[in-house]
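Colleague: What follows is a single structure, and I will ask about it in a moment.
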Protein chains: 2
Amino acid sequence: MRQSNLFTKTRKEAPKDEVSQNAQLLIRGGYIHKELAGVYDFLPLGLRVFKKIENIIREEMNALGGQEVLLSALQNPELWKTTDRWNDNKIENWFKTELKGGGELGLAFTHEEPITKMMTNHVTSYRDLPKYLYQFQPKFRNELRAKSGIMRGREFVMKDLYSFSRSEEELDTFYKEAGVAYENIFRRVGLGDVTYLTFASGGVFSRFSHEFQVISTAGEDTIYIDTEKKIAVNEEVLTEEVLEELSLERNKLVEAKAIEVGNIFKLGTKYADALGLTFKGEDGKESSVHMGSYGIGVGRLLGTIVEVLCDEKGIVWPESVAPFQVHIVDLSQGDEKIQALALDLYKDLEKAKTEVLLDDRDLRAGEKFAQSDLLGIPYRIVVGKHSTETDFEVVRRSDGLTRGVSREAIIKGEYGF
Amino acid sequence: MRQSNLFTKTRKEAPKDEVSQNAQLLIRGGYIHKELAGVYDFLPLGLRVFKKIENIIREEMNALGGQEVLLSALQNPELWKTTDRWNDNKIENWFKTELKGGGELGLAFTHEEPITKMMTNHVTSYRDLPKYLYQFQPKFRNELRAKSGIMRGREFVMKDLYSFSRSEEELDTFYKEAGVAYENIFRRVGLGDVTYLTFASGGVFSRFSHEFQVISTAGEDTIYIDTEKKIAVNEEVLTEEVLEELSLERNKLVEAKAIEVGNIFKLGTKYADALGLTFKGEDGKESSVHMGSYGIGVGRLLGTIVEVLCDEKGIVWPESVAPFQVHIVDLSQGDEKIQALALDLYKDLEKAKTEVLLDDRDLRAGEKFAQSDLLGIPYRIVVGKHSTETDFEVVRRSDGLTRGVSREAIIKGEYGF
């Protein structure tokens with residue numbers, strides 16, 4: 001894409017009411033726009049990153065055998081009364097609204113109730129199970145405060161997967177597989193080294209749930225990490241009893257602030273019991289379905305990547321989620337030969353299916369470099385006085401390393417760093 | 001995909017409270033699930049069709065130079081007060097909700113206000129224009145009645161595009177291009193022959209807006225068609241004056257019920273004036289941006305395809321939007337040789353990147369055929385006693401024609417009808 005055609009512009013200052021680093025950088029880069037505290041729009045560059053992350057998650061969900069659906073945001077109160085989750089005293093963060101003809105509706109903050117109810121139309125026998133359903137769907141949460149940028153939104157797209165199994169054992173097996181898929185996801189988006197499987201509160205049906213926590217001073221959670229075992233415990237469940245159960249020693253644990261980027265939760269038969277999701281076993285006996293739920297906030301994950309990997313110059317995208325792989329900075333300043341060099345390279349990279357942004361705007365070099373750093377595209381190719389038809393300077397955004405690279409190697413994506 | 005793995009099941013009867021033909025068929029086929037009147041979930045087969053339609057629209061929007069964004073549903077009242085569209089007396093179908101800390105929010109039924117406001121951050125000079133932004137985004141409309149299935153939802157995904165131009169002439173030019181893109185879309189999804197460009201009420205800034213109306217007895221609009229000129233007039237603007245203006249003769253017009261599947265609208269400078277979206281011209285003079293808005297409801301279009309092309313046996317998908325191109329019906333009934341034939345063909349079609357659904361379930365032939373007709377996949381390959389390693393029976397869903405086709409031709413997708 002040519003930057004002269006992109007409608008968004010970068011800006012030097014973030015809006016004053018934006019206190020989070022992730023949203024400040026994303027707004028300055030033109031990735032997102034703030035509508036309200038906790039409510040953001042995705043602009044073209046932001047949406048490109050968003051879809052990259054979404055696709056990585058989708059691939060891992062499909063590999064688990066997940067089938068994609070898309071449920072509604074508007075919710076029928078009757079369903080939620082069945083599980084005692086309609087009352088505002090029970091669930092604090094409902095957004096509710098009213099139908100014109102009368103009657104209240106809710107805006108879904110999660111989907112256990114409707115998906116369980118829907119499944120009663122499709123599950124009758126043990127042959128219909130296990131099944132795994134997931135969606136990317138906008139959730140609404142009426143947060144009292146929303147100061148963490150896109151890491152805690154009042155409206156945000158969540159990937160939520162629900163598993164439907166025949167027994168506790170079958171649920172346990174899938175739960176472990178889902179955990180591995182989650183590790184794959186966080187590794188693939190570039191957070192593998194700083195993400196810890198964290199034991200957290202489990203509710204009625206299991207001792208623990210599991211969170212995936214990313215170390216960051218911007219985090220709202222406090223976790224205690226065993227760096228050797230590569231696991232952590234959320235402070236909310238840190239007791240002597242739990243330490244013993246997990247064979248952890250208190251003095252070996254490192255305290256850290258962390259961002260919860262995913263959680264997986266065994267639900268047992270709670271929702272199936274309440275909403276009548278049963279199946280006939282091989283023995284003819286009717287049993288309740290064992291469920292699990294597995295969430296990742298796509299926008300939160302995007303914000304976490306920004307928060308954790310950025311530097312003083314701006315955003316640093318991992319290649320796997322970057323809006324473009326290559327940023328060509330045309331420093332022709334009116335020199336038509338140099339301009340032609342940049343344009344030819346751009347066209348050849350597009351032909352080679354490389355995602356490339358060409359800064360063809362009439363700006364000073366210093367401004368172009370500062371904006372390029374802010375945008376955080378992995379490789380910058382500078383086309384200026386010293387460029388030739390066969391050689392260009394390539395700068396790697398993550399560490400600022402610079403190399404001369406041949407045109408041929410650039411087209412192949414082999415920069416040699 | 002193997003049908004034995006698909007979690008949805010077809011059903012013989014639609015729920016009694018569902019009166020629309022499109023939703024009845026889609027629910028019976030397991031394409032959608034009804035949460036509430038006017039509120040539907042998309043299940044795997046339905047989501048596949050939905051995404052096919054979405055991608056056709058996206059391709060046409062990109063070809064127009066559109067840049068994709070994703071705006072929020074939650075809306076700040078202040079923006080909408082600026083244009084006098086917040087008050088319920090002015091806009092009847094708002095869903096409104098309340099922030100926990102106090103203050104009202106709206107759920108967007110359209111996005112002129114927020115997108116215009118957002119653009120004030122990115123447009124300053126004539127060099128920044130024209131620009132075209134679009135999104136696929138869930139809209140909320142508080143309809144008093146919702147009896148048209150997924151053709152009139154209280155919650156539905158809309159493709160809305162907004163154009164930002166420097167002058168009336170520039171807007172006019174794009175408006176015509178957008179009209180052509182819309183014609184491409186309706187032709188590509190299989191509705192070309194029954195869709196009419198229809199003159200409708202234009203509002204303050206132009207004489208007419210234009211609707212794309214699909215002839216259907218399920219339609220809520222009445223239009224008058226000149227079949228030679230291939231244009232129509234909505235009854236709401238049918239006056240002698242308008243007929244004269246469009247050089248139409250009343251006695252040549254055919255009255256028809258129709259479904260509005262798209263509309264395009266010139267907004268002039270109304271929103272730019274109200275929200276301060278101006279640009280500095282080449283002459284240094286500050287002017288307001290000329291806008292247009294261009295909508296297509298993705299779910300409504302999907303429902304319209306079902307409504308218009310279905311027959312007494314069920315849904316009939318055009319190839320361009322079908323969830324799968326080929327439905328292999330395995331009639332092995334325990335015969336392992338026949339089962340292997342079906343499975344081999346399935347695997348080879350998957351290798352050839354053909355989208356194929358294999359009905360490998362243990363059901364009677366009659367049931368399988370009835371369900372296959374209901375699902376409406378374009379080509380059915382029957383694998384039974386009369387199949388050989390080289391020849392299969394292929395049935396075309398649209399007209400029921402049957403042919404013997406060689407395995408080789410099937411793999412190439414050449415059925416010879």
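Identifiers in the structure tokens: chain A, B, ... in order shown; residue index from 1 per chain; ligand index from 1 in order shown.
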How close does each residue of chain B get to chain A, giving the shortest atom pair and distance in Å to one decimal for every residue with an atom at most 8 Å away, counting only C-alpha atoms, sorted by chain and residue number, as CSV?

Modeller:
residue,atom,partner,partner_atom,distance
B:Leu6,CA,A:Gln67,CA,7.8
B:Phe7,CA,A:His122,CA,6.6
B:Thr8,CA,A:His122,CA,5.5
B:Lys9,CA,A:His122,CA,5.7
B:His33,CA,A:Met118,CA,7.0
B:Glu35,CA,A:Asn76,CA,7.2
B:Leu36,CA,A:Asn76,CA,7.0
B:Val39,CA,A:Ser72,CA,6.7
B:Tyr40,CA,A:Ser72,CA,6.3
B:Asp41,CA,A:Leu71,CA,4.3
B:Phe42,CA,A:Leu70,CA,5.0
B:Leu43,CA,A:Val69,CA,4.7
B:Pro44,CA,A:Val69,CA,5.3
B:Leu47,CA,A:Val69,CA,6.3
B:Gln67,CA,A:Pro44,CA,6.3
B:Glu68,CA,A:Pro44,CA,5.5
B:Val69,CA,A:Leu43,CA,4.7
B:Leu70,CA,A:Phe42,CA,5.0
B:Leu71,CA,A:Asp41,CA,4.3
B:Ser72,CA,A:Asp41,CA,5.5
B:Ala73,CA,A:Glu155,CA,7.8
B:Leu74,CA,A:Val39,CA,7.2
B:Gln75,CA,A:Glu35,CA,7.4
B:Asn76,CA,A:Leu36,CA,7.0
B:Asn93,CA,A:Lys100,CA,7.7
B:Phe95,CA,A:Thr97,CA,6.3
B:Lys96,CA,A:Thr97,CA,5.8
B:Thr97,CA,A:Thr97,CA,5.1
B:Glu98,CA,A:Phe95,CA,6.8
B:Leu99,CA,A:Asn142,CA,6.3
B:Lys100,CA,A:Leu144,CA,5.6
B:Gly101,CA,A:Leu144,CA,5.8
B:Pro114,CA,A:Glu35,CA,7.8
B:Met118,CA,A:His33,CA,7.0
B:Asn121,CA,A:Lys9,CA,7.9
B:His122,CA,A:Thr8,CA,5.5
B:Val123,CA,A:Phe7,CA,7.9
B:Asp128,CA,A:Phe7,CA,7.0
B:Lys131,CA,A:Phe7,CA,6.7
B:Asn142,CA,A:Lys100,CA,6.0
B:Glu143,CA,A:Lys100,CA,6.9
B:Leu144,CA,A:Lys100,CA,5.6
B:Glu155,CA,A:Leu74,CA,7.3

Colleague: What's around Glu414 (chain A) at 12 Å? Count only C-alpha atoms, leave out sequence neighbours fewer than 6 positions away in its own chain, and write the answer as a PyMOL selection string.

Modeller: chain A and resi 326+354+379+394+403-408

Colleague: Could the residues in this selection be written to a file with N, CA and C atoms, as a PDB file, in the first residue's frame?

Modeller:
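Writing the result to again.pdb gives the following:
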ATOM      1  N   VAL A 326       7.326  -5.026   5.418  1.00  0.00           N
ATOM      2  CA  VAL A 326       8.390  -4.132   4.946  1.00  0.00           C
ATOM      3  C   VAL A 326       7.851  -2.716   4.817  1.00  0.00           C
ATOM      4  N   THR A 354       4.824  -9.954  -0.875  1.00  0.00           N
ATOM      5  CA  THR A 354       5.276  -9.393   0.399  1.00  0.00           C
ATOM      6  C   THR A 354       4.363  -8.234   0.761  1.00  0.00           C
ATOM      7  N   TYR A 379      10.765  -4.494   9.049  1.00  0.00           N
ATOM      8  CA  TYR A 379      11.946  -4.156   8.250  1.00  0.00           C
ATOM      9  C   TYR A 379      11.724  -2.852   7.488  1.00  0.00           C
ATOM     10  N   VAL A 394      18.828  -1.899   4.829  1.00  0.00           N
ATOM     11  CA  VAL A 394      17.678  -2.433   5.557  1.00  0.00           C
ATOM     12  C   VAL A 394      17.913  -2.254   7.051  1.00  0.00           C
ATOM     13  N   ARG A 403      21.802  -3.225   7.759  1.00  0.00           N
ATOM     14  CA  ARG A 403      22.627  -4.021   6.859  1.00  0.00           C
ATOM     15  C   ARG A 403      22.397  -3.580   5.424  1.00  0.00           C
ATOM     16  N   GLY A 404      23.421  -3.700   4.600  1.00  0.00           N
ATOM     17  CA  GLY A 404      23.219  -3.572   3.164  1.00  0.00           C
ATOM     18  C   GLY A 404      22.730  -4.912   2.656  1.00  0.00           C
ATOM     19  N   VAL A 405      21.644  -4.904   1.891  1.00  0.00           N
ATOM     20  CA  VAL A 405      21.083  -6.163   1.409  1.00  0.00           C
ATOM     21  C   VAL A 405      20.839  -6.039  -0.092  1.00  0.00           C
ATOM     22  N   SER A 406      21.111  -7.125  -0.822  1.00  0.00           N
ATOM     23  CA  SER A 406      20.910  -7.080  -2.270  1.00  0.00           C
ATOM     24  C   SER A 406      19.419  -7.085  -2.583  1.00  0.00           C
ATOM     25  N   ARG A 407      19.100  -6.497  -3.711  1.00  0.00           N
ATOM     26  CA  ARG A 407      17.708  -6.451  -4.167  1.00  0.00           C
ATOM     27  C   ARG A 407      17.115  -7.849  -4.233  1.00  0.00           C
ATOM     28  N   GLU A 408      17.906  -8.769  -4.779  1.00  0.00           N
ATOM     29  CA  GLU A 408      17.472 -10.160  -4.929  1.00  0.00           C
ATOM     30  C   GLU A 408      17.073 -10.767  -3.580  1.00  0.00           C
TER      31      GLU A 408
END

Colleague: Residues at most 8 Å from region 80-87 of chain A, counting only C-alpha atoms, excluding those fewer than 2 positions away in the same chain, as a PyMOL selection string?

Modeller: chain A and resi 76-78+89-91+113+271+274-275

Colleague: B:Glu13, B:Phe199, B:Leu357, B:Val254: which is nearest Pro323 (chain B), counting only C-alpha atoms?

Modeller: B:Leu357

Colleague: Rank A:Arg396, A:Ala365, A:Tyr224, A:Ile410 by their smallest atom-to-atom distance to Asp348 (chain A), using only C-alpha atoms, and report the top residue only.

Modeller: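 Closest candidate: A:Ile410.
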
Colleague: I'd like to know which of B:Ser201, B:Glu245, B:Arg188, B:Gly303 is closest to Gly153 (chain B), using only C-alpha atoms.

Modeller: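 Selected residue with least distance to Gly153 (chain B): B:Gly303.
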
Colleague: Pick out the residues sitting within 10 Å of region 207-212 of chain A, and hand them over as an NGL selection string; count only C-alpha atoms, and ignore anything fewer than 3 positions along from it in its own chain.

Modeller: :A and (175 or 179 or 182-183 or 186 or 194-204 or 215 or 231-234 or 237 or 242 or 258-267 or 294-296)

Colleague: Which distance in Å separates CA of Asn251 (chain A) and CA of Glu220 (chain A), to one decimal?

Modeller: 22.9 Å

Colleague: Leaving out Lys347 (chain B) and any residue of its chain fewer than 4 positions from it, which residues lie within 12 Å of it when counting only C-alpha atoms, given as a count of residues only?

Modeller: 16

Colleague: Hey, can you check how far CA of Gly376 (chain A) sits from CA of Ala181 (chain A)?

Modeller: 27.1 Å

Colleague: Between A:Thr390, A:Ser247, A:Ser320, A:Thr227, which is the closest to Phe50 (chain A) once you count only C-alpha atoms?

Modeller: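 Among A:Thr390, A:Ser247, A:Ser320, A:Thr227, it is A:Ser320 that comes nearest to Phe50 (chain A).
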
Colleague: Within region 8-101 of chain B, find each residue whose DSSP state, derived from the backbone, is strand (DSSP E), and express the selection as a list in words.

Modeller: Ile32, His33, Lys34, Glu35, Leu36, Val39, Tyr40, Asp41, Phe42, Gln67, Glu68, Leu74, Gln75, Phe95, Lys96, Thr97 and Glu98 of chain B

Colleague: Given the selection you just returned, output its residues as a file containing N, CA and C atoms, formatted as a PDB file, in the first residue's frame.

Modeller:
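Result file is part.pdb:
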ATOM      1  N   ILE B  32     -28.779 -21.312  10.860  1.00  0.00           N
ATOM      2  CA  ILE B  32     -28.893 -20.255  11.878  1.00  0.00           C
ATOM      3  C   ILE B  32     -29.680 -20.780  13.070  1.00  0.00           C
ATOM      4  N   HIS B  33     -29.628 -20.027  14.167  1.00  0.00           N
ATOM      5  CA  HIS B  33     -30.426 -20.325  15.343  1.00  0.00           C
ATOM      6  C   HIS B  33     -31.091 -19.036  15.772  1.00  0.00           C
ATOM      7  N   LYS B  34     -32.344 -19.153  16.181  1.00  0.00           N
ATOM      8  CA  LYS B  34     -33.084 -17.946  16.574  1.00  0.00           C
ATOM      9  C   LYS B  34     -32.948 -17.704  18.068  1.00  0.00           C
ATOM     10  N   GLU B  35     -32.433 -16.534  18.443  1.00  0.00           N
ATOM     11  CA  GLU B  35     -32.366 -16.176  19.859  1.00  0.00           C
ATOM     12  C   GLU B  35     -33.658 -15.490  20.299  1.00  0.00           C
ATOM     13  N   LEU B  36     -34.103 -14.566  19.460  1.00  0.00           N
ATOM     14  CA  LEU B  36     -35.272 -13.727  19.728  1.00  0.00           C
ATOM     15  C   LEU B  36     -35.816 -13.317  18.361  1.00  0.00           C
ATOM     16  N   VAL B  39     -33.367 -11.601  15.998  1.00  0.00           N
ATOM     17  CA  VAL B  39     -31.999 -11.808  16.525  1.00  0.00           C
ATOM     18  C   VAL B  39     -31.606 -13.265  16.281  1.00  0.00           C
ATOM     19  N   TYR B  40     -30.610 -13.461  15.426  1.00  0.00           N
ATOM     20  CA  TYR B  40     -30.224 -14.810  15.018  1.00  0.00           C
ATOM     21  C   TYR B  40     -28.725 -15.046  15.207  1.00  0.00           C
ATOM     22  N   ASP B  41     -28.371 -16.303  15.490  1.00  0.00           N
ATOM     23  CA  ASP B  41     -26.969 -16.731  15.528  1.00  0.00           C
ATOM     24  C   ASP B  41     -26.641 -17.410  14.203  1.00  0.00           C
ATOM     25  N   PHE B  42     -25.403 -17.262  13.765  1.00  0.00           N
ATOM     26  CA  PHE B  42     -24.951 -17.998  12.588  1.00  0.00           C
ATOM     27  C   PHE B  42     -24.191 -19.235  13.039  1.00  0.00           C
ATOM     28  N   GLN B  67     -11.036   1.595   2.102  1.00  0.00           N
ATOM     29  CA  GLN B  67     -10.121   1.147   3.152  1.00  0.00           C
ATOM     30  C   GLN B  67     -10.972   0.646   4.313  1.00  0.00           C
ATOM     31  N   GLU B  68     -10.653  -0.568   4.789  1.00  0.00           N
ATOM     32  CA  GLU B  68     -11.529  -1.195   5.781  1.00  0.00           C
ATOM     33  C   GLU B  68     -11.201  -0.752   7.201  1.00  0.00           C
ATOM     34  N   LEU B  74     -20.968   0.924  20.659  1.00  0.00           N
ATOM     35  CA  LEU B  74     -21.321   1.885  21.719  1.00  0.00           C
ATOM     36  C   LEU B  74     -21.070   3.305  21.231  1.00  0.00           C
ATOM     37  N   GLN B  75     -22.031   4.178  21.488  1.00  0.00           N
ATOM     38  CA  GLN B  75     -21.993   5.532  20.947  1.00  0.00           C
ATOM     39  C   GLN B  75     -22.138   6.592  22.024  1.00  0.00           C
ATOM     40  N   PHE B  95     -31.454   1.654  20.277  1.00  0.00           N
ATOM     41  CA  PHE B  95     -31.323   0.931  21.543  1.00  0.00           C
ATOM     42  C   PHE B  95     -30.402   1.787  22.399  1.00  0.00           C
ATOM     43  N   LYS B  96     -30.808   2.100  23.607  1.00  0.00           N
ATOM     44  CA  LYS B  96     -29.946   2.881  24.490  1.00  0.00           C
ATOM     45  C   LYS B  96     -29.640   2.097  25.753  1.00  0.00           C
ATOM     46  N   THR B  97     -28.522   2.433  26.373  1.00  0.00           N
ATOM     47  CA  THR B  97     -28.114   1.740  27.582  1.00  0.00           C
ATOM     48  C   THR B  97     -27.406   2.729  28.495  1.00  0.00           C
ATOM     49  N   GLU B  98     -27.082   2.274  29.700  1.00  0.00           N
ATOM     50  CA  GLU B  98     -26.485   3.214  30.653  1.00  0.00           C
ATOM     51  C   GLU B  98     -25.141   2.743  31.172  1.00  0.00           C
TER      52      GLU B  98
END

Colleague: Report the residues of region 209-357 of chain B whose backbone DSSP state falls under helix (DSSP H, G or I), written as number ranges by chain.

Modeller: B: 235-237, 240-245, 250-252, 270-275, 298-309, 336-351

Colleague: Go ahead and write the selection's residues with N, CA and C atoms as a short mmCIF file (atom, residue, chain, number, x, y, z; two decimals), in the first residue's frame.

Modeller:
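Wrote selection.cif, looks like this:
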data_model
loop_
_atom_site.label_atom_id
_atom_site.label_comp_id
_atom_site.auth_asym_id
_atom_site.auth_seq_id
_atom_site.Cartn_x
_atom_site.Cartn_y
_atom_site.Cartn_z
N GLU B 235 -42.56 3.35 -4.67
CA GLU B 235 -43.88 3.99 -4.66
C GLU B 235 -43.87 5.27 -3.83
N GLU B 236 -42.94 5.36 -2.88
CA GLU B 236 -42.92 6.55 -2.02
C GLU B 236 -42.60 7.84 -2.80
N VAL B 237 -42.00 7.71 -3.97
CA VAL B 237 -41.71 8.92 -4.76
C VAL B 237 -42.41 8.93 -6.12
N GLU B 240 -46.27 12.16 -10.87
CA GLU B 240 -46.21 12.51 -12.30
C GLU B 240 -44.91 13.26 -12.60
N GLU B 241 -44.57 14.14 -11.68
CA GLU B 241 -43.36 14.96 -11.85
C GLU B 241 -42.11 14.07 -11.97
N VAL B 242 -42.04 13.08 -11.08
CA VAL B 242 -40.87 12.18 -11.08
C VAL B 242 -40.85 11.35 -12.36
N LEU B 243 -42.01 10.85 -12.77
CA LEU B 243 -42.07 10.05 -14.00
C LEU B 243 -41.54 10.86 -15.17
N GLU B 244 -41.97 12.09 -15.25
CA GLU B 244 -41.53 12.97 -16.33
C GLU B 244 -40.02 13.17 -16.26
N GLU B 245 -39.55 13.44 -15.06
CA GLU B 245 -38.13 13.69 -14.86
C GLU B 245 -37.29 12.50 -15.32
N ARG B 250 -46.15 5.84 -17.13
CA ARG B 250 -46.86 5.12 -16.07
C ARG B 250 -47.41 3.78 -16.55
N ASN B 251 -47.99 3.76 -17.74
CA ASN B 251 -48.64 2.51 -18.20
C ASN B 251 -47.65 1.42 -18.62
N LYS B 252 -46.37 1.78 -18.68
CA LYS B 252 -45.37 0.75 -18.99
C LYS B 252 -44.76 0.15 -17.73
N LYS B 270 -23.97 17.85 5.02
CA LYS B 270 -24.75 17.88 6.27
C LYS B 270 -23.92 17.47 7.49
N TYR B 271 -23.29 16.29 7.41
CA TYR B 271 -22.56 15.78 8.58
C TYR B 271 -21.23 16.51 8.76
N ALA B 272 -20.58 16.84 7.65
CA ALA B 272 -19.31 17.57 7.72
C ALA B 272 -19.54 18.94 8.35
N ASP B 273 -20.62 19.62 7.97
CA ASP B 273 -20.94 20.93 8.56
C ASP B 273 -21.16 20.79 10.07
N ALA B 274 -21.95 19.80 10.45
CA ALA B 274 -22.31 19.66 11.86
C ALA B 274 -21.12 19.29 12.73
N LEU B 275 -20.20 18.51 12.17
CA LEU B 275 -19.11 17.96 12.99
C LEU B 275 -17.75 18.56 12.65
N VAL B 298 -25.54 -7.65 5.32
CA VAL B 298 -25.01 -8.94 4.85
C VAL B 298 -26.02 -10.06 5.13
N GLY B 299 -26.59 -10.07 6.33
CA GLY B 299 -27.58 -11.09 6.68
C GLY B 299 -28.84 -10.96 5.83
N ARG B 300 -29.25 -9.71 5.60
CA ARG B 300 -30.44 -9.51 4.78
C ARG B 300 -30.21 -10.05 3.36
N LEU B 301 -29.02 -9.82 2.83
CA LEU B 301 -28.71 -10.30 1.49
C LEU B 301 -28.74 -11.83 1.48
N LEU B 302 -28.17 -12.44 2.52
CA LEU B 302 -28.18 -13.90 2.63
C LEU B 302 -29.63 -14.40 2.67
N GLY B 303 -30.44 -13.76 3.49
CA GLY B 303 -31.85 -14.16 3.59
C GLY B 303 -32.59 -13.98 2.28
N THR B 304 -32.25 -12.91 1.56
CA THR B 304 -32.91 -12.65 0.28
C THR B 304 -32.57 -13.73 -0.74
N ILE B 305 -31.32 -14.15 -0.76
CA ILE B 305 -30.90 -15.23 -1.67
C ILE B 305 -31.74 -16.49 -1.40
N VAL B 306 -31.89 -16.82 -0.10
CA VAL B 306 -32.70 -17.98 0.26
C VAL B 306 -34.14 -17.79 -0.20
N GLU B 307 -34.67 -16.63 0.12
CA GLU B 307 -36.08 -16.32 -0.16
C GLU B 307 -36.38 -16.42 -1.66
N VAL B 308 -35.48 -15.88 -2.48
CA VAL B 308 -35.76 -15.74 -3.91
C VAL B 308 -35.44 -17.02 -4.68
N LEU B 309 -34.40 -17.75 -4.28
CA LEU B 309 -33.96 -18.88 -5.09
C LEU B 309 -34.42 -20.24 -4.58
N GLU B 336 -18.50 -51.78 2.53
CA GLU B 336 -17.21 -51.10 2.73
C GLU B 336 -16.59 -50.63 1.42
N LYS B 337 -16.85 -51.36 0.35
CA LYS B 337 -16.30 -50.96 -0.96
C LYS B 337 -16.85 -49.61 -1.38
N ILE B 338 -18.17 -49.47 -1.25
CA ILE B 338 -18.82 -48.21 -1.65
C ILE B 338 -18.34 -47.07 -0.74
N GLN B 339 -18.24 -47.41 0.55
CA GLN B 339 -17.77 -46.41 1.52
C GLN B 339 -16.37 -45.90 1.14
N ALA B 340 -15.51 -46.82 0.74
CA ALA B 340 -14.14 -46.45 0.35
C ALA B 340 -14.14 -45.58 -0.90
N LEU B 341 -15.05 -45.91 -1.84
CA LEU B 341 -15.19 -45.09 -3.06
C LEU B 341 -15.53 -43.65 -2.70
N ALA B 342 -16.50 -43.49 -1.81
CA ALA B 342 -16.96 -42.16 -1.41
C ALA B 342 -15.84 -41.40 -0.70
N LEU B 343 -15.16 -42.11 0.20
CA LEU B 343 -14.11 -41.47 0.99
C LEU B 343 -12.93 -41.06 0.11
N ASP B 344 -12.58 -41.91 -0.85
CA ASP B 344 -11.47 -41.58 -1.76
C ASP B 344 -11.80 -40.33 -2.59
N LEU B 345 -13.03 -40.31 -3.09
CA LEU B 345 -13.45 -39.16 -3.90
C LEU B 345 -13.41 -37.89 -3.05
N TYR B 346 -13.90 -38.01 -1.82
CA TYR B 346 -13.90 -36.88 -0.88
C TYR B 346 -12.49 -36.35 -0.67
N LYS B 347 -11.56 -37.27 -0.40
CA LYS B 347 -10.17 -36.86 -0.13
C LYS B 347 -9.55 -36.19 -1.36
N ASP B 348 -9.83 -36.76 -2.53
CA ASP B 348 -9.24 -36.19 -3.75
C ASP B 348 -9.83 -34.81 -4.06
N LEU B 349 -11.12 -34.63 -3.77
CA LEU B 349 -11.72 -33.31 -3.98
C LEU B 349 -11.13 -32.30 -3.00
N GLU B 350 -10.91 -32.72 -1.77
CA GLU B 350 -10.28 -31.82 -0.79
C GLU B 350 -8.88 -31.43 -1.26
N LYS B 351 -8.15 -32.42 -1.78
CA LYS B 351 -6.80 -32.13 -2.29
C LYS B 351 -6.85 -31.12 -3.43
#

Colleague: Have a look at CA of Asp17 (chain B) and CA of Ser288 (chain A) and let me know their distance in Å, one decimal.

Modeller: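 Straight-line distance from CA of Asp17 (chain B) to CA of Ser288 (chain A) works out to 27.7 Å.
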